[in-house]
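Let me begin by presenting the structure, written as C-alpha coordinates, before commenting on it.
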Amino acid sequence: MLAALDDLTRNSQPISVSAIARLAGVHRSLIYRHGDLHAAVAAKAAQPPNNTKGPQVSRNSLLSDLANLTERNIRLAGHVARL
(Lines give C-alpha, C1' and ligand atoms only; values in the text may rest on other atoms or scores of the structure.)
Protein backbone atom coordinates (compact mmCIF):
# COMPACT_ATOMS: atom_id res chain seq x y z
CA MET A 1 0.00 0.00 0.00
CA LEU A 2 2.91 2.33 0.65
CA ALA A 3 4.15 1.56 -2.86
CA ALA A 4 0.73 2.56 -4.22
CA LEU A 5 0.96 5.79 -2.23
CA ASP A 6 4.40 6.52 -3.68
CA ASP A 7 3.15 5.67 -7.18
CA LEU A 8 0.26 8.14 -6.94
CA THR A 9 2.60 10.80 -5.55
CA ARG A 10 5.14 10.25 -8.31
CA ASN A 11 2.45 10.50 -11.02
CA SER A 12 0.84 13.60 -9.42
CA GLN A 13 -2.49 11.78 -9.05
CA PRO A 14 -5.07 12.79 -6.41
CA ILE A 15 -4.41 10.94 -3.16
CA SER A 16 -7.29 9.47 -1.20
CA VAL A 17 -8.03 6.32 0.76
CA SER A 18 -10.18 5.08 -2.11
CA ALA A 19 -7.47 5.67 -4.70
CA ILE A 20 -4.82 3.89 -2.61
CA ALA A 21 -7.12 0.94 -1.90
CA ARG A 22 -8.06 0.62 -5.57
CA LEU A 23 -4.43 0.68 -6.71
CA ALA A 24 -3.28 -1.73 -3.99
CA GLY A 25 -6.22 -4.09 -4.57
CA VAL A 26 -7.48 -3.98 -0.99
CA HIS A 27 -10.66 -2.79 0.71
CA ARG A 28 -10.77 0.76 2.10
CA SER A 29 -11.62 -0.55 5.57
CA LEU A 30 -8.15 -2.12 5.79
CA ILE A 31 -6.57 1.32 5.55
CA TYR A 32 -8.99 2.81 8.06
CA ARG A 33 -8.35 -0.03 10.55
CA HIS A 34 -4.58 0.51 10.48
CA GLY A 35 -3.90 3.91 11.97
CA ASP A 36 -0.37 4.17 10.58
CA LEU A 37 -1.56 3.56 7.01
CA HIS A 38 -4.42 6.01 7.36
CA ALA A 39 -2.06 8.62 8.83
CA ALA A 40 0.37 8.17 5.93
CA VAL A 41 -2.44 8.65 3.38
CA ALA A 42 -3.76 11.72 5.21
CA ALA A 43 -0.28 13.25 5.44
CA LYS A 44 0.41 12.76 1.73
CA ALA A 45 -3.04 14.07 0.78
CA ALA A 46 -2.41 17.24 2.81
CA GLN A 47 0.79 18.02 0.93
CA PRO A 48 0.53 20.23 -2.15
CA PRO A 49 1.03 18.45 -5.48
CA ASN A 50 4.50 18.37 -7.03
CA ASN A 51 3.44 19.65 -10.45
CA THR A 52 4.48 23.19 -11.27
CA LYS A 53 1.94 23.72 -14.05
CA GLY A 54 -0.75 26.20 -13.10
CA PRO A 55 -1.69 27.52 -9.68
CA GLN A 56 -1.02 25.51 -6.55
CA VAL A 57 -4.04 24.74 -4.36
CA SER A 58 -3.82 22.69 -1.18
CA ARG A 59 -6.43 20.20 -0.04
CA ASN A 60 -6.91 22.17 3.18
CA SER A 61 -7.63 25.32 1.20
CA LEU A 62 -10.27 23.51 -0.85
CA LEU A 63 -11.86 22.05 2.30
CA SER A 64 -11.97 25.52 3.85
CA ASP A 65 -13.66 26.93 0.74
CA LEU A 66 -16.17 24.10 0.81
CA ALA A 67 -17.02 24.76 4.46
CA ASN A 68 -17.45 28.49 3.81
CA LEU A 69 -19.68 27.92 0.80
CA THR A 70 -21.78 25.38 2.69
CA GLU A 71 -22.37 27.91 5.47
CA ARG A 72 -23.27 30.55 2.87
CA ASN A 73 -25.82 28.21 1.29
CA ILE A 74 -27.37 27.56 4.70
CA ARG A 75 -27.64 31.32 5.36
CA LEU A 76 -29.16 31.95 1.93
CA ALA A 77 -31.65 29.10 2.35
CA GLY A 78 -32.74 30.63 5.66
CA HIS A 79 -33.10 34.02 4.02
CA VAL A 80 -35.20 32.57 1.20
CA ALA A 81 -37.41 30.77 3.72
CA ARG A 82 -38.00 34.04 5.60
CA LEU A 83 -38.97 35.81 2.37
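Please note that chains go A, B, ... in the order of the C-alpha coordinates, that every chain numbers its residues from 1, and that ligands are numbered from 1 in the order shown.
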- Message: Set the distance at 10 Å and use only C-alpha atoms: which residues neighbour range 34-48 of chain A once local chain neighbours fewer than 3 positions away are removed? I'd like the list as a count of residues only.
- Response: 24
- Query: Of the candidates A:Arg33, A:His79, A:Ala4, A:Leu69, which one gets nearest to Ala21 in chain A if we count only C-alpha atoms?
  - Reply: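 Nearest candidate to Ala21 in chain A out of A:Arg33, A:His79, A:Ala4, A:Leu69: A:Ala4.
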- Item | Sel. of alpha helix (DSSP H) residues, range 4-82 of chain A, as an MDAnalysis selection string | chainID A and resid 4:10 17:24 28:33 35:46 59:82
- Query: Separation of CA of Arg10 in chain A and CA of Val26 in chain A, in Å?
  - Reply: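 It comes out at 20.4 Å.
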- Task: In Å, rounded to a single decimal, give me how far CA of Leu66 in chain A is from CA of Gly78 in chain A.
- Result: 18.5 Å
